[in-house]
>>> print(open('final.cif').read())   # mmCIF, C-alpha atoms
data_entry
#
loop_
_atom_site.label_atom_id
_atom_site.label_comp_id
_atom_site.auth_asym_id
_atom_site.auth_seq_id
_atom_site.Cartn_x
_atom_site.Cartn_y
_atom_site.Cartn_z
CA MET K 1 5.38 144.33 -32.74
CA ILE K 2 2.60 143.79 -30.21
CA SER K 3 3.72 143.44 -26.63
CA LEU K 4 1.45 143.15 -23.63
CA GLY K 5 4.36 143.55 -21.21
CA GLU K 6 3.76 147.19 -20.30
CA THR K 7 -0.05 147.07 -20.40
CA THR K 8 -0.72 143.69 -18.81
CA PRO K 9 -2.24 144.04 -15.35
CA LEU K 10 -0.24 142.35 -12.64
CA TRP K 11 -3.29 140.35 -11.49
CA ALA K 12 -3.78 138.91 -14.99
CA LEU K 13 -0.14 137.91 -15.34
CA SER K 14 -0.14 136.43 -11.82
CA LEU K 15 -3.28 134.45 -12.62
CA ALA K 16 -1.70 133.18 -15.85
CA TYR K 17 1.47 132.09 -13.99
CA TRP K 18 -0.59 130.34 -11.31
CA LEU K 19 -2.81 128.50 -13.80
CA HIS K 20 0.26 127.56 -15.85
CA MET K 21 2.01 126.09 -12.82
CA LEU K 22 -1.17 124.30 -11.71
CA ALA K 23 -1.60 122.72 -15.16
CA THR K 24 2.09 121.76 -15.22
CA VAL K 25 1.83 120.05 -11.84
CA ALA K 26 -1.33 118.18 -12.89
CA TRP K 27 0.10 117.06 -16.24
CA ILE K 28 3.67 116.19 -15.24
CA GLY K 29 2.60 114.90 -11.82
CA GLY K 30 0.10 112.56 -13.45
CA LEU K 31 2.76 111.28 -15.85
CA VAL K 32 5.30 110.76 -13.07
CA ALA K 33 2.78 108.90 -10.90
CA LEU K 34 1.71 106.73 -13.81
CA VAL K 35 5.13 105.96 -15.29
CA VAL K 36 7.17 105.68 -12.09
CA LEU K 37 4.66 104.31 -9.59
CA VAL K 38 1.46 102.84 -11.04
CA LEU K 39 2.43 101.07 -14.27
CA PRO K 40 5.47 99.18 -12.96
CA VAL K 41 3.47 97.76 -10.06
CA ALA K 42 0.36 97.04 -12.13
CA SER K 43 2.35 95.24 -14.84
CA ARG K 44 3.94 92.98 -12.20
CA VAL K 45 0.80 92.06 -10.26
CA LEU K 46 -1.93 91.98 -12.92
CA GLU K 47 -2.54 89.46 -15.66
CA ALA K 48 -2.30 90.85 -19.20
CA ASP K 49 -6.05 91.20 -19.74
CA SER K 50 -6.58 92.75 -16.29
CA TYR K 51 -3.67 95.08 -16.95
CA ALA K 52 -5.24 96.20 -20.25
CA ILE K 53 -8.56 96.90 -18.52
CA PHE K 54 -6.79 98.70 -15.66
CA LEU K 55 -4.73 100.83 -18.05
CA GLU K 56 -7.82 101.73 -20.05
CA GLN K 57 -9.63 102.84 -16.87
CA VAL K 58 -6.65 104.91 -15.70
CA GLN K 59 -6.30 106.52 -19.12
CA ARG K 60 -10.03 107.25 -19.22
CA ARG K 61 -9.62 109.31 -16.04
CA LEU K 62 -6.23 110.79 -16.89
CA ASP K 63 -6.95 111.84 -20.49
CA PRO K 64 -9.48 114.62 -19.71
CA LEU K 65 -7.14 116.03 -17.07
CA GLY K 66 -4.22 115.84 -19.48
CA TRP K 67 -6.07 117.52 -22.36
CA LEU K 68 -7.40 120.25 -20.05
CA SER K 69 -3.89 120.79 -18.71
CA LEU K 70 -2.46 121.03 -22.23
CA ALA K 71 -5.13 123.58 -23.22
CA VAL K 72 -4.44 125.68 -20.11
CA LEU K 73 -0.69 125.44 -20.72
CA LEU K 74 -1.12 126.60 -24.30
CA ALA K 75 -3.38 129.55 -23.45
CA THR K 76 -1.48 130.76 -20.39
CA GLY K 77 1.89 130.13 -22.02
CA LEU K 78 1.05 132.28 -25.04
CA PHE K 79 -0.26 135.00 -22.73
CA GLN K 80 2.91 134.92 -20.63
CA MET K 81 5.12 134.88 -23.69
CA SER K 82 3.44 137.93 -25.19
CA ALA K 83 3.91 139.81 -21.91
CA ASN K 84 7.61 138.93 -21.65
CA PRO K 85 10.03 141.75 -22.53
CA ASN K 86 12.24 139.22 -24.36
CA TYR K 87 9.46 138.46 -26.85
CA GLU K 88 10.21 140.27 -30.10
CA GLY K 89 7.61 138.70 -32.39
CA PHE K 90 6.60 135.42 -33.99
CA LEU K 91 9.64 133.30 -34.91
CA SER K 92 12.04 136.08 -33.92
CA ILE K 93 14.97 134.14 -32.49
CA SER K 94 17.32 136.88 -31.44
CA ASN K 95 18.27 135.84 -27.90
CA ARG K 96 18.73 132.83 -25.62
CA TRP K 97 15.22 133.23 -24.21
CA ALA K 98 13.68 133.02 -27.69
CA VAL K 99 15.71 129.92 -28.57
CA ALA K 100 14.65 128.19 -25.34
CA ILE K 101 11.00 129.13 -25.91
CA LEU K 102 11.09 127.93 -29.54
CA ILE K 103 12.55 124.54 -28.58
CA LYS K 104 10.07 124.33 -25.68
CA HIS K 105 7.16 124.87 -28.08
CA ILE K 106 8.47 122.27 -30.52
CA LEU K 107 8.66 119.73 -27.68
CA PHE K 108 5.22 120.80 -26.44
CA PHE K 109 3.70 120.09 -29.85
CA GLY K 110 5.53 116.75 -29.77
CA MET K 111 3.75 116.00 -26.48
CA ILE K 112 0.44 116.90 -28.06
CA GLY K 113 1.17 114.51 -30.95
CA VAL K 114 2.09 111.65 -28.62
CA SER K 115 -0.97 112.33 -26.46
CA ALA K 116 -3.26 112.40 -29.49
CA TYR K 117 -1.92 109.06 -30.70
CA MET K 118 -2.37 107.52 -27.24
CA THR K 119 -5.91 108.89 -26.87
CA TRP K 120 -7.25 108.08 -30.33
CA GLY K 121 -4.90 105.31 -31.49
CA ALA K 122 -3.45 103.14 -28.76
CA LEU K 123 -6.23 103.42 -26.18
CA PRO K 124 -9.04 102.26 -28.52
CA SER K 125 -6.81 99.32 -29.54
CA LEU K 126 -6.28 98.39 -25.89
CA ARG K 127 -10.03 98.54 -25.32
CA ARG K 128 -10.63 96.26 -28.30
CA ILE K 129 -8.06 93.77 -26.98
CA ALA K 130 -9.67 93.80 -23.52
CA LEU K 131 -13.08 93.13 -25.07
CA LEU K 132 -11.71 90.27 -27.18
CA ARG K 133 -10.05 88.72 -24.15
CA ALA K 134 -13.26 89.04 -22.15
CA LYS K 135 -14.91 86.92 -24.89
CA GLY K 136 -12.10 84.36 -24.70
CA ILE K 137 -10.41 85.48 -27.93
CA GLU K 138 -6.67 86.00 -27.65
CA ALA K 139 -5.23 89.07 -29.37
CA GLU K 140 -1.74 88.57 -30.75
CA ASP K 141 -0.49 92.13 -30.42
CA ALA K 142 -1.71 92.83 -26.86
CA GLU K 143 1.68 92.81 -25.14
CA LYS K 144 3.28 94.77 -27.96
CA LEU K 145 0.57 97.42 -27.74
CA GLN K 146 0.84 97.66 -23.95
CA LYS K 147 4.61 98.12 -24.23
CA ARG K 148 4.08 100.82 -26.87
CA GLU K 149 1.63 102.62 -24.56
CA THR K 150 4.17 102.52 -21.72
CA THR K 151 6.93 103.73 -24.03
CA LEU K 152 4.79 106.62 -25.25
CA LEU K 153 3.99 107.61 -21.67
CA ARG K 154 7.71 107.58 -20.88
CA ILE K 155 8.44 109.68 -23.96
CA ASN K 156 5.83 112.21 -22.85
CA LEU K 157 7.34 112.30 -19.38
CA ILE K 158 10.83 112.91 -20.81
CA LEU K 159 9.45 115.64 -23.08
CA GLY K 160 7.75 117.24 -20.07
CA ILE K 161 10.97 117.20 -18.07
CA LEU K 162 12.86 118.74 -20.99
CA ILE K 163 10.20 121.43 -21.30
CA LEU K 164 10.60 122.25 -17.61
CA GLY K 165 14.35 122.53 -18.14
CA LEU K 166 13.85 124.88 -21.08
CA THR K 167 11.47 126.95 -18.97
CA SER K 168 14.19 127.30 -16.35
CA LEU K 169 16.70 128.30 -19.02
CA ALA K 170 14.31 130.92 -20.43
CA ARG K 171 13.55 132.35 -16.97
CA ALA K 172 17.27 132.65 -16.24
CA SER K 173 17.75 134.69 -19.43
#
>>> encode(input="final.cif", output="structure tokens")
Amino acid sequence: MISLGETTPLWALSLAYWLHMLATVAWIGGLVALVVLVLPVASRVLEADSYAIFLEQVQRRLDPLGWLSLAVLLATGLFQMSANPNYEGFLSISNRWAVAILIKHILFFGMIGVSAYMTWGALPSLRRIALLRAKGIEAEDAEKLQKRETTLLRINLILGILILGLTSLARAS
């Protein structure tokens, strides 16, 4: 069993915690702002084609931040986990901390899957619909696709909130 707990410098662990929290705030904060504030207002005040263009522009700015945040969360989370005295090895589920961390990682990979679909599946489709509408061609599945995008964002937000809850449970262990 490899454990960094006793040999990890305090500065490195502190830096990992700080970067992890910063990435969490950026990722979850962006989702909250988008799902709770921006999208409900934009969907009420913008026409469907303007909404598609707006959503594409927001996603274009949010995606790099989201993917960077997910990469930082993965790297710093693994570092923190390996330094934790409760960590007893890969897939060793011998205590409440390990169960919480395992479920947290499953949900985290779910977030990555949803994000990947939004980035490389739904977003290109929304762009195509916006281009068609700009040429005067109506796309049949535009509203359905926009609703799916909003639903996926909400799912990611819920997953993020659950992950935060599991983090709290693990820290209390």
>>> closest_atom_pairs(input="final.cif", of="segment 10-46 of chain K", to="segment 100-112 of chain K", cutoff="12 Å", atoms="all atoms listed in the file", output="tab-separated table")
residue	atom	partner	partner_atom	distance
K:Thr24	CA	K:Phe108	CA	11.7
K:Trp27	CA	K:Met111	CA	10.9
K:Ile28	CA	K:Met111	CA	11.2
K:Leu31	CA	K:Met111	CA	11.7
>>> atom_distance(input="final.cif", atom1="atom CA of Lys135 of chain K", atom2="atom CA of Thr119 of chain K")
23.8 Å
>>> atom_distance(input="final.cif", atom1="atom CA of Ala98 of chain K", atom2="atom CA of Ser82 of chain K")
11.6 Å
>>> resolve_selection(input="final.cif", expression="the PyMOL selection byres ((chain K and resi 156-162) around 7)", output="mmCIF file with C-alpha atoms, keeping the file's coordinate frame")
data_model
loop_
_atom_site.group_PDB
_atom_site.id
_atom_site.type_symbol
_atom_site.label_atom_id
_atom_site.label_comp_id
_atom_site.auth_asym_id
_atom_site.auth_seq_id
_atom_site.Cartn_x
_atom_site.Cartn_y
_atom_site.Cartn_z
ATOM 1 C CA ILE K 28 3.670 116.190 -15.240
ATOM 2 C CA LEU K 31 2.760 111.280 -15.850
ATOM 3 C CA VAL K 32 5.300 110.760 -13.070
ATOM 4 C CA LEU K 107 8.660 119.730 -27.680
ATOM 5 C CA MET K 111 3.750 116.000 -26.480
ATOM 6 C CA VAL K 114 2.090 111.650 -28.620
ATOM 7 C CA LEU K 152 4.790 106.620 -25.250
ATOM 8 C CA LEU K 153 3.990 107.610 -21.670
ATOM 9 C CA ARG K 154 7.710 107.580 -20.880
ATOM 10 C CA ILE K 155 8.440 109.680 -23.960
ATOM 11 C CA ILE K 163 10.200 121.430 -21.300
ATOM 12 C CA LEU K 164 10.600 122.250 -17.610
ATOM 13 C CA GLY K 165 14.350 122.530 -18.140
ATOM 14 C CA LEU K 166 13.850 124.880 -21.080
#
>>> resolve_selection(input="final.cif", expression="the PyMOL selection byres ((chain K and resi 123) around 10)", output="PyMOL selection string")
chain K and resi 52+55-57+59-60+117-122+124-129+145-146+149
>>> closest_residue(input="final.cif", among="K:Val58, K:Leu131, K:Leu68, K:Leu15", to="Val38 of chain K", atoms="all atoms listed in the file")
K:Val58
>>> residues_near_point(input="final.cif", point="(-1.7, 130.5, -16.8)", cutoff="10 Å", atoms="all atoms listed in the file", output="ChimeraX atom specification")
/K:12-24,72-80
>>> closest_residue(input="final.cif", among="K:Asp63, K:Glu88, K:Glu47, K:Glu140", to="Ala116 of chain K", atoms="all atoms listed in the file")
K:Asp63
>>> atom_distance(input="final.cif", atom1="atom CA of Asn84 of chain K", atom2="atom CA of Arg96 of chain K")
13.3 Å
>>> closest_residue(input="final.cif", among="K:Ala26, K:Ile53, K:Phe90, K:Pro40", to="Leu70 of chain K", atoms="only C-alpha atoms")
K:Ala26
>>> build_atoms(input="final.cif", residues="segment 66-78 of chain K", atoms="N, CA and C atoms", output="mmCIF file, in the coordinates of the input")
data_model
loop_
_atom_site.group_PDB
_atom_site.id
_atom_site.type_symbol
_atom_site.label_atom_id
_atom_site.label_comp_id
_atom_site.auth_asym_id
_atom_site.auth_seq_id
_atom_site.Cartn_x
_atom_site.Cartn_y
_atom_site.Cartn_z
ATOM 1 N N GLY K 66 -5.364 115.525 -18.637
ATOM 2 C CA GLY K 66 -4.220 115.840 -19.480
ATOM 3 C C GLY K 66 -4.560 116.830 -20.577
ATOM 4 N N TRP K 67 -5.684 116.615 -21.272
ATOM 5 C CA TRP K 67 -6.070 117.520 -22.360
ATOM 6 C C TRP K 67 -6.435 118.899 -21.819
ATOM 7 N N LEU K 68 -7.100 118.955 -20.676
ATOM 8 C CA LEU K 68 -7.400 120.250 -20.050
ATOM 9 C C LEU K 68 -6.106 120.955 -19.678
ATOM 10 N N SER K 69 -5.178 120.207 -19.086
ATOM 11 C CA SER K 69 -3.890 120.790 -18.710
ATOM 12 C C SER K 69 -3.149 121.338 -19.935
ATOM 13 N N LEU K 70 -3.140 120.569 -21.022
ATOM 14 C CA LEU K 70 -2.460 121.030 -22.230
ATOM 15 C C LEU K 70 -3.115 122.297 -22.784
ATOM 16 N N ALA K 71 -4.443 122.379 -22.747
ATOM 17 C CA ALA K 71 -5.130 123.580 -23.220
ATOM 18 C C ALA K 71 -4.791 124.785 -22.348
ATOM 19 N N VAL K 72 -4.788 124.587 -21.032
ATOM 20 C CA VAL K 72 -4.440 125.680 -20.110
ATOM 21 C C VAL K 72 -2.989 126.095 -20.313
ATOM 22 N N LEU K 73 -2.097 125.117 -20.489
ATOM 23 C CA LEU K 73 -0.690 125.440 -20.720
ATOM 24 C C LEU K 73 -0.516 126.251 -22.003
ATOM 25 N N LEU K 74 -1.225 125.882 -23.038
ATOM 26 C CA LEU K 74 -1.120 126.600 -24.300
ATOM 27 C C LEU K 74 -1.615 128.042 -24.150
ATOM 28 N N ALA K 75 -2.801 128.211 -23.583
ATOM 29 C CA ALA K 75 -3.380 129.550 -23.450
ATOM 30 C C ALA K 75 -2.552 130.446 -22.522
ATOM 31 N N THR K 76 -2.220 129.926 -21.349
ATOM 32 C CA THR K 76 -1.480 130.760 -20.390
ATOM 33 C C THR K 76 -0.041 130.974 -20.846
ATOM 34 N N GLY K 77 0.532 129.982 -21.526
ATOM 35 C CA GLY K 77 1.890 130.130 -22.020
ATOM 36 C C GLY K 77 1.997 131.208 -23.089
ATOM 37 N N LEU K 78 1.042 131.237 -24.003
ATOM 38 C CA LEU K 78 1.050 132.280 -25.040
ATOM 39 C C LEU K 78 0.846 133.660 -24.418
#
